[in-house]
file work-v1.csv (CSV, C-alpha atoms)
chain,number,residue,atom,x,y,z
A,1,SER,CA,0.0,0.0,0.0
A,2,GLN,CA,1.0,3.6,-0.5
A,3,THR,CA,2.2,5.8,2.3
A,4,ILE,CA,3.3,9.5,2.5
A,5,HIS,CA,5.7,10.8,5.0
A,6,GLN,CA,6.1,14.5,5.8
A,7,TRP,CA,8.4,16.1,8.4
A,8,PRO,CA,8.8,17.8,10.7
A,9,ALA,CA,5.3,17.9,12.3
A,10,THR,CA,6.0,21.3,13.9
A,11,LEU,CA,8.6,23.9,13.3
A,12,VAL,CA,9.4,27.3,14.8
A,13,GLN,CA,11.8,29.5,12.8
A,14,PRO,CA,12.9,33.1,13.1
A,15,VAL,CA,12.3,35.6,10.3
A,16,GLY,CA,15.0,35.5,7.7
A,17,SER,CA,16.0,31.9,8.4
A,18,PRO,CA,16.0,29.2,5.7
A,19,LEU,CA,13.4,26.5,5.4
A,20,SER,CA,13.4,23.0,4.1
A,21,LEU,CA,10.4,20.7,4.3
A,22,GLU,CA,10.6,17.2,2.9
A,23,CYS,CA,8.0,14.8,1.7
A,24,THR,CA,8.4,11.2,0.5
A,25,VAL,CA,5.9,8.7,-1.0
A,26,GLU,CA,6.3,5.0,-0.9
A,27,GLY,CA,4.5,2.2,-2.7
A,28,THR,CA,3.9,3.9,-6.0
A,29,SER,CA,5.8,5.2,-9.1
A,30,ASN,CA,5.7,8.5,-10.9
A,31,PRO,CA,3.1,10.1,-8.7
A,32,ASN,CA,2.0,13.7,-9.0
A,33,LEU,CA,3.2,15.6,-5.9
A,34,TYR,CA,1.8,18.7,-4.3
A,35,TRP,CA,2.6,21.4,-1.7
A,36,TYR,CA,-0.4,23.3,-0.2
A,37,ARG,CA,-0.4,25.9,2.5
A,38,GLN,CA,-3.3,26.7,4.8
A,39,ALA,CA,-3.2,29.9,6.8
A,40,ALA,CA,-5.1,29.9,10.1
A,41,GLY,CA,-8.8,29.8,9.5
A,42,ARG,CA,-8.4,29.8,5.7
A,43,GLY,CA,-8.6,27.4,2.8
A,44,LEU,CA,-5.8,25.4,1.1
A,45,GLN,CA,-3.7,27.3,-1.3
A,46,LEU,CA,-1.8,25.4,-3.9
A,47,LEU,CA,1.8,26.4,-3.9
A,48,PHE,CA,3.6,23.9,-6.2
A,49,TYR,CA,2.8,20.7,-8.0
A,50,SER,CA,4.9,18.3,-10.0
A,51,VAL,CA,3.9,15.7,-12.6
A,52,GLY,CA,7.5,14.3,-12.9
A,53,ILE,CA,11.1,14.6,-11.8
A,54,GLY,CA,12.4,18.1,-12.4
A,55,GLN,CA,8.9,19.3,-13.5
A,56,ILE,CA,7.6,21.9,-11.1
A,57,SER,CA,4.6,24.1,-11.6
A,58,SER,CA,4.5,27.2,-9.4
A,59,GLU,CA,1.1,28.6,-8.5
A,60,VAL,CA,2.1,31.3,-6.1
A,61,PRO,CA,5.1,33.6,-6.9
A,62,GLN,CA,6.5,34.1,-3.4
A,63,ASN,CA,9.8,33.5,-1.6
A,64,LEU,CA,9.3,29.7,-1.7
A,65,SER,CA,10.6,27.2,-4.1
A,66,ALA,CA,10.1,23.5,-4.7
A,67,SER,CA,12.3,20.7,-6.0
A,68,ARG,CA,11.8,17.1,-7.0
A,69,PRO,CA,15.2,15.4,-6.9
A,70,GLN,CA,13.8,11.9,-7.0
A,71,ASP,CA,10.6,10.4,-8.3
A,72,ARG,CA,9.0,10.1,-4.9
A,73,GLN,CA,10.6,13.0,-3.1
A,74,PHE,CA,9.3,16.6,-3.0
A,75,ILE,CA,11.0,19.4,-1.1
A,76,LEU,CA,9.8,22.9,-0.2
A,77,SER,CA,12.4,25.5,0.5
A,78,SER,CA,12.9,29.1,1.3
A,79,LYS,CA,16.1,31.1,1.6
A,80,LYS,CA,14.6,33.7,4.0
A,81,LEU,CA,11.3,33.2,5.8
A,82,LEU,CA,8.8,35.9,6.3
A,83,LEU,CA,6.2,36.3,9.0
A,84,SER,CA,3.6,35.7,6.4
A,85,ASP,CA,5.0,32.2,5.7
A,86,SER,CA,3.5,30.9,8.9
A,87,GLY,CA,0.9,28.3,8.3
A,88,PHE,CA,0.0,24.6,7.9
A,89,TYR,CA,2.0,23.1,5.0
A,90,LEU,CA,0.6,19.9,3.5
A,91,CYS,CA,2.2,17.6,1.0
A,92,ALA,CA,0.0,15.4,-1.1
A,93,TRP,CA,0.3,12.8,-3.9
A,94,LYS,CA,-2.0,11.2,-6.4
A,95,GLU,CA,-1.6,8.6,-9.1
A,96,GLY,CA,0.0,10.3,-12.1
A,97,TRP,CA,-1.5,8.1,-14.7
A,98,ASP,CA,-5.1,8.5,-13.5
A,99,ARG,CA,-6.6,12.0,-13.7
A,100,ASN,CA,-9.6,10.8,-11.7
A,101,SER,CA,-7.5,9.6,-8.7
A,102,PRO,CA,-7.9,11.6,-5.5
A,103,LEU,CA,-5.2,13.4,-3.5
A,104,HIS,CA,-3.7,11.7,-0.4
A,105,PHE,CA,-2.2,14.0,2.2
A,106,GLY,CA,0.6,13.7,4.6
A,107,ASN,CA,0.1,14.8,8.3
A,108,GLY,CA,1.3,18.3,7.6
A,109,THR,CA,3.9,20.6,9.1
A,110,ARG,CA,2.8,23.4,11.3
A,111,LEU,CA,5.3,26.3,10.7
A,112,THR,CA,5.4,29.3,13.0
A,113,VAL,CA,7.7,32.1,11.9
A,114,THR,CA,8.7,34.4,14.8
B,1,ARG,CA,-13.5,35.1,-10.3
B,2,LYS,CA,-12.0,32.4,-8.1
B,3,GLU,CA,-11.4,29.0,-9.7
B,4,VAL,CA,-13.4,27.2,-7.1
B,5,GLU,CA,-15.9,28.8,-4.7
B,6,GLN,CA,-17.8,27.6,-1.7
B,7,ASP,CA,-20.1,29.2,0.8
B,8,PRO,CA,-17.9,29.3,3.9
B,9,GLY,CA,-20.9,29.0,6.2
B,10,PRO,CA,-21.0,28.3,9.0
B,11,PHE,CA,-23.9,25.9,8.8
B,12,ASN,CA,-25.3,25.1,12.2
B,13,VAL,CA,-27.8,22.2,12.1
B,14,PRO,CA,-29.4,19.9,14.6
B,15,GLU,CA,-28.8,16.2,14.7
B,16,GLY,CA,-30.9,14.4,12.2
B,17,ALA,CA,-31.1,17.3,9.8
B,18,THR,CA,-30.3,17.2,6.1
B,19,VAL,CA,-27.8,19.7,4.9
B,20,ALA,CA,-26.5,20.5,1.4
B,21,PHE,CA,-23.4,22.4,0.2
B,22,ASN,CA,-22.6,23.7,-3.3
B,23,CYS,CA,-19.3,24.4,-4.9
B,24,THR,CA,-18.9,26.2,-8.2
B,25,TYR,CA,-15.9,26.1,-10.5
B,26,SER,CA,-14.9,28.4,-13.3
B,27,ASN,CA,-12.9,26.1,-15.7
B,28,SER,CA,-15.3,24.2,-18.0
B,29,ALA,CA,-12.5,21.9,-18.9
B,30,SER,CA,-12.3,20.5,-15.4
B,31,GLN,CA,-12.4,16.7,-15.4
B,32,SER,CA,-12.4,15.4,-11.9
B,33,PHE,CA,-14.2,16.5,-8.7
B,34,PHE,CA,-13.9,15.5,-5.1
B,35,TRP,CA,-15.3,16.3,-1.6
B,36,TYR,CA,-12.9,16.2,1.3
B,37,ARG,CA,-13.5,16.5,5.0
B,38,GLN,CA,-11.1,18.4,7.3
B,39,ASP,CA,-11.2,18.2,11.1
B,40,CYS,CA,-9.6,21.0,13.1
B,41,ARG,CA,-5.8,21.1,12.8
B,42,LYS,CA,-5.7,17.9,10.8
B,43,GLU,CA,-5.0,17.1,7.1
B,44,PRO,CA,-8.0,16.8,4.7
B,45,LYS,CA,-9.3,13.3,4.2
B,46,LEU,CA,-11.2,12.1,1.1
B,47,LEU,CA,-14.9,11.9,1.7
B,48,MET,CA,-15.9,10.9,-1.9
B,49,SER,CA,-15.2,11.4,-5.5
B,50,VAL,CA,-18.0,13.0,-7.6
B,51,TYR,CA,-19.1,11.1,-10.7
B,52,SER,CA,-21.0,12.5,-13.7
B,53,SER,CA,-24.1,10.5,-12.9
B,54,GLY,CA,-24.0,11.3,-9.2
B,55,ASN,CA,-23.1,8.9,-6.5
B,56,GLU,CA,-24.0,8.0,-3.0
B,57,ASP,CA,-22.1,6.6,0.0
B,58,GLY,CA,-24.3,5.9,2.9
B,59,ARG,CA,-25.7,9.2,4.1
B,60,PHE,CA,-23.7,11.2,1.7
B,61,THR,CA,-24.7,12.0,-1.9
B,62,ALA,CA,-22.6,13.9,-4.4
B,63,GLN,CA,-23.8,15.4,-7.7
B,64,LEU,CA,-22.2,17.1,-10.6
B,65,ASN,CA,-23.9,19.7,-12.9
B,66,ARG,CA,-21.5,20.3,-15.8
B,67,ALA,CA,-23.9,22.8,-17.5
B,68,SER,CA,-24.0,25.1,-14.5
B,69,GLN,CA,-20.4,24.1,-13.4
B,70,TYR,CA,-21.1,23.1,-9.8
B,71,ILE,CA,-20.9,20.1,-7.6
B,72,SER,CA,-23.0,19.5,-4.5
B,73,LEU,CA,-22.8,17.4,-1.4
B,74,LEU,CA,-25.9,16.3,0.5
B,75,ILE,CA,-25.7,14.9,4.1
B,76,ARG,CA,-28.7,13.2,5.4
B,77,ASP,CA,-29.5,12.4,9.1
B,78,SER,CA,-26.6,14.5,10.3
B,79,LYS,CA,-24.5,13.2,13.2
B,80,LEU,CA,-22.5,15.1,15.8
B,81,SER,CA,-19.4,13.5,14.2
B,82,ASP,CA,-20.2,15.2,10.9
B,83,SER,CA,-19.0,18.5,12.3
B,84,ALA,CA,-16.0,19.5,10.2
B,85,THR,CA,-15.0,21.7,7.3
B,86,TYR,CA,-16.0,20.3,3.9
B,87,LEU,CA,-13.8,21.1,1.0
B,88,CYS,CA,-14.5,20.7,-2.7
B,89,VAL,CA,-11.6,20.0,-5.1
B,90,VAL,CA,-11.6,20.5,-8.8
B,91,ASN,CA,-8.9,19.6,-11.3
B,92,SER,CA,-8.0,21.7,-14.3
B,93,ILE,CA,-5.7,21.6,-17.2
B,94,ASN,CA,-2.4,23.4,-17.1
B,95,ALA,CA,-1.5,26.4,-19.3
B,96,GLY,CA,0.2,24.2,-21.8
B,97,GLY,CA,-2.8,22.0,-22.2
B,98,THR,CA,-0.8,18.9,-21.4
B,99,SER,CA,-1.6,18.1,-17.9
B,100,TYR,CA,-4.6,17.7,-15.6
B,101,GLY,CA,-2.3,17.7,-12.6
B,102,LYS,CA,-3.5,21.0,-11.0
B,103,LEU,CA,-6.0,20.4,-8.2
B,104,THR,CA,-7.6,23.5,-6.6
B,105,PHE,CA,-9.5,23.6,-3.4
B,106,GLY,CA,-12.5,25.7,-2.4
B,107,GLN,CA,-12.2,27.7,0.8
B,108,GLY,CA,-14.3,25.1,2.7
B,109,THR,CA,-17.7,25.1,4.3
B,110,ILE,CA,-17.9,24.8,8.1
B,111,LEU,CA,-20.6,22.5,9.4
B,112,THR,CA,-21.5,22.3,13.0
B,113,VAL,CA,-24.1,19.7,14.1
B,114,HIS,CA,-25.5,20.3,17.5
B,115,PRO,CA,-27.6,18.0,19.8
call {"tool": "encode", "arguments": {"input": "work-v1.csv", "output": "structure tokens"}}
result
Amino acid sequence: SQTIHQWPATLVQPVGSPLSLECTVEGTSNPNLYWYRQAAGRGLQLLFYSVGIGQISSEVPQNLSASRPQDRQFILSSKKLLLSDSGFYLCAWKEGWDRNSPLHFGNGTRLTVT
Amino acid sequence: RKEVEQDPGPFNVPEGATVAFNCTYSNSASQSFFWYRQDCRKEPKLLMSVYSSGNEDGRFTAQLNRASQYISLLIRDSKLSDSATYLCVVNSINAGGTSYGKLTFGQGTILTVHP
């Protein structure tokens, strides 16, 4: 069966510090991978998605970037965090070959920028 | 216009009530549709996919209206445990017309079921 791992679960970082969140998927090949962010009391905002290694689509032009160095690994990064980067970051995957397959989420990372 | 729109609510209903949520989408080329449930401070979990002919799963019924570009979720005989935020998700094709990988969420509808 497929599993998704996302870490860390919580993170407190000072403004201006770098960020690296990692997500890995097991039990499937060539998945679509996603990073979403949810601010407190708000909906899910799509940040990046990837349909293959090295293919990243950016939905929100901010100080964040994403990379997919391996088929089942998706990394979200920032060189300098802003206060507005605080939120609940969710990684998700879906079957890449089936456009009707649903998203499956990791447990999320709760980031507080101080 | 937002790609996916939901009435944020909140909907406050008594146990046993029937409640319905709608979700509209702007991209007529959208191909797949889902309803998710999110509990407070948790990740969203799939409630059900939405099929063209409509589908039912126990007390939950989902419908798709392509002509009017909306999907709906009906919950019958509401339980206290149904209290959550309900999110609709719609896919759409990318700018290059080559991928349906983009999945966009509505802002969610808050449901509270009270005794």
call {"tool": "atom_distance", "arguments": {"input": "work-v1.csv", "atom1": "CA of Val25 (chain A)", "atom2": "CA of Val4 (chain B)"}}
result
27.4 Å
call {"tool": "atom_distance", "arguments": {"input": "work-v1.csv", "atom1": "CA of Leu74 (chain B)", "atom2": "CA of Phe21 (chain B)"}}
result
6.6 Å
call {"tool": "interface_residues", "arguments": {"input": "work-v1.csv", "of": "chain B", "to": "chain A", "cutoff": "12 Å", "atoms": "only C-alpha atoms", "output": "compact mmCIF listing (two decimals) with C-alpha atoms, keeping the file's coordinate frame"}}
result
# COMPACT_ATOMS: atom_id res chain seq x y z
CA LYS B 2 -12.00 32.40 -8.10
CA GLU B 3 -11.40 29.00 -9.70
CA VAL B 4 -13.40 27.20 -7.10
CA GLU B 5 -15.90 28.80 -4.70
CA GLN B 6 -17.80 27.60 -1.70
CA ASP B 7 -20.10 29.20 0.80
CA PRO B 8 -17.90 29.30 3.90
CA SER B 30 -12.30 20.50 -15.40
CA GLN B 31 -12.40 16.70 -15.40
CA SER B 32 -12.40 15.40 -11.90
CA PHE B 33 -14.20 16.50 -8.70
CA PHE B 34 -13.90 15.50 -5.10
CA TRP B 35 -15.30 16.30 -1.60
CA TYR B 36 -12.90 16.20 1.30
CA ARG B 37 -13.50 16.50 5.00
CA GLN B 38 -11.10 18.40 7.30
CA ASP B 39 -11.20 18.20 11.10
CA CYS B 40 -9.60 21.00 13.10
CA ARG B 41 -5.80 21.10 12.80
CA LYS B 42 -5.70 17.90 10.80
CA GLU B 43 -5.00 17.10 7.10
CA PRO B 44 -8.00 16.80 4.70
CA LYS B 45 -9.30 13.30 4.20
CA LEU B 46 -11.20 12.10 1.10
CA LEU B 47 -14.90 11.90 1.70
CA MET B 48 -15.90 10.90 -1.90
CA SER B 49 -15.20 11.40 -5.50
CA VAL B 50 -18.00 13.00 -7.60
CA TYR B 51 -19.10 11.10 -10.70
CA SER B 52 -21.00 12.50 -13.70
CA THR B 85 -15.00 21.70 7.30
CA TYR B 86 -16.00 20.30 3.90
CA LEU B 87 -13.80 21.10 1.00
CA CYS B 88 -14.50 20.70 -2.70
CA VAL B 89 -11.60 20.00 -5.10
CA VAL B 90 -11.60 20.50 -8.80
CA ASN B 91 -8.90 19.60 -11.30
CA SER B 92 -8.00 21.70 -14.30
CA ILE B 93 -5.70 21.60 -17.20
CA ASN B 94 -2.40 23.40 -17.10
CA ALA B 95 -1.50 26.40 -19.30
CA GLY B 96 0.20 24.20 -21.80
CA THR B 98 -0.80 18.90 -21.40
CA SER B 99 -1.60 18.10 -17.90
CA TYR B 100 -4.60 17.70 -15.60
CA GLY B 101 -2.30 17.70 -12.60
CA LYS B 102 -3.50 21.00 -11.00
CA LEU B 103 -6.00 20.40 -8.20
CA THR B 104 -7.60 23.50 -6.60
CA PHE B 105 -9.50 23.60 -3.40
CA GLY B 106 -12.50 25.70 -2.40
CA GLN B 107 -12.20 27.70 0.80
CA GLY B 108 -14.30 25.10 2.70
CA THR B 109 -17.70 25.10 4.30
CA ILE B 110 -17.90 24.80 8.10
call {"tool": "atom_distance", "arguments": {"input": "work-v1.csv", "atom1": "CA of Lys79 (chain B)", "atom2": "CA of Asn65 (chain B)"}}
result
26.9 Å
call {"tool": "residues_around", "arguments": {"input": "work-v1.csv", "residues": "Gly52 (chain A)", "least_positions_apart": "4", "cutoff": "8 Å", "atoms": "only C-alpha atoms", "output": "count of residues only"}}
result
6
call {"tool": "closest_residue", "arguments": {"input": "work-v1.csv", "among": "A:Leu76, A:Ile53, A:Val12, A:Ile4", "to": "Glu26 (chain A)", "atoms": "all atoms listed in the file"}}
result
A:Ile4
call {"tool": "residues_near_point", "arguments": {"input": "work-v1.csv", "point": "(14.3, 20.0, 4.2)", "cutoff": "7 Å", "atoms": "only C-alpha atoms", "output": "ChimeraX atom specification"}}
result
/A:19-22,75-77
call {"tool": "closest_residue", "arguments": {"input": "work-v1.csv", "among": "B:Gln69, B:Ser28, B:Ser81, B:Asn22", "to": "Val113 (chain B)", "atoms": "all atoms listed in the file"}}
result
B:Ser81
call {"tool": "closest_residue", "arguments": {"input": "work-v1.csv", "among": "A:Leu64, A:Leu83, A:Trp35, A:Trp93", "to": "Val113 (chain A)", "atoms": "all atoms listed in the file"}}
result
A:Leu83
call {"tool": "closest_residue", "arguments": {"input": "work-v1.csv", "among": "A:Ala39, A:Ala9, A:Leu81, A:Leu111", "to": "Cys23 (chain A)", "atoms": "all atoms listed in the file"}}
result
A:Ala9
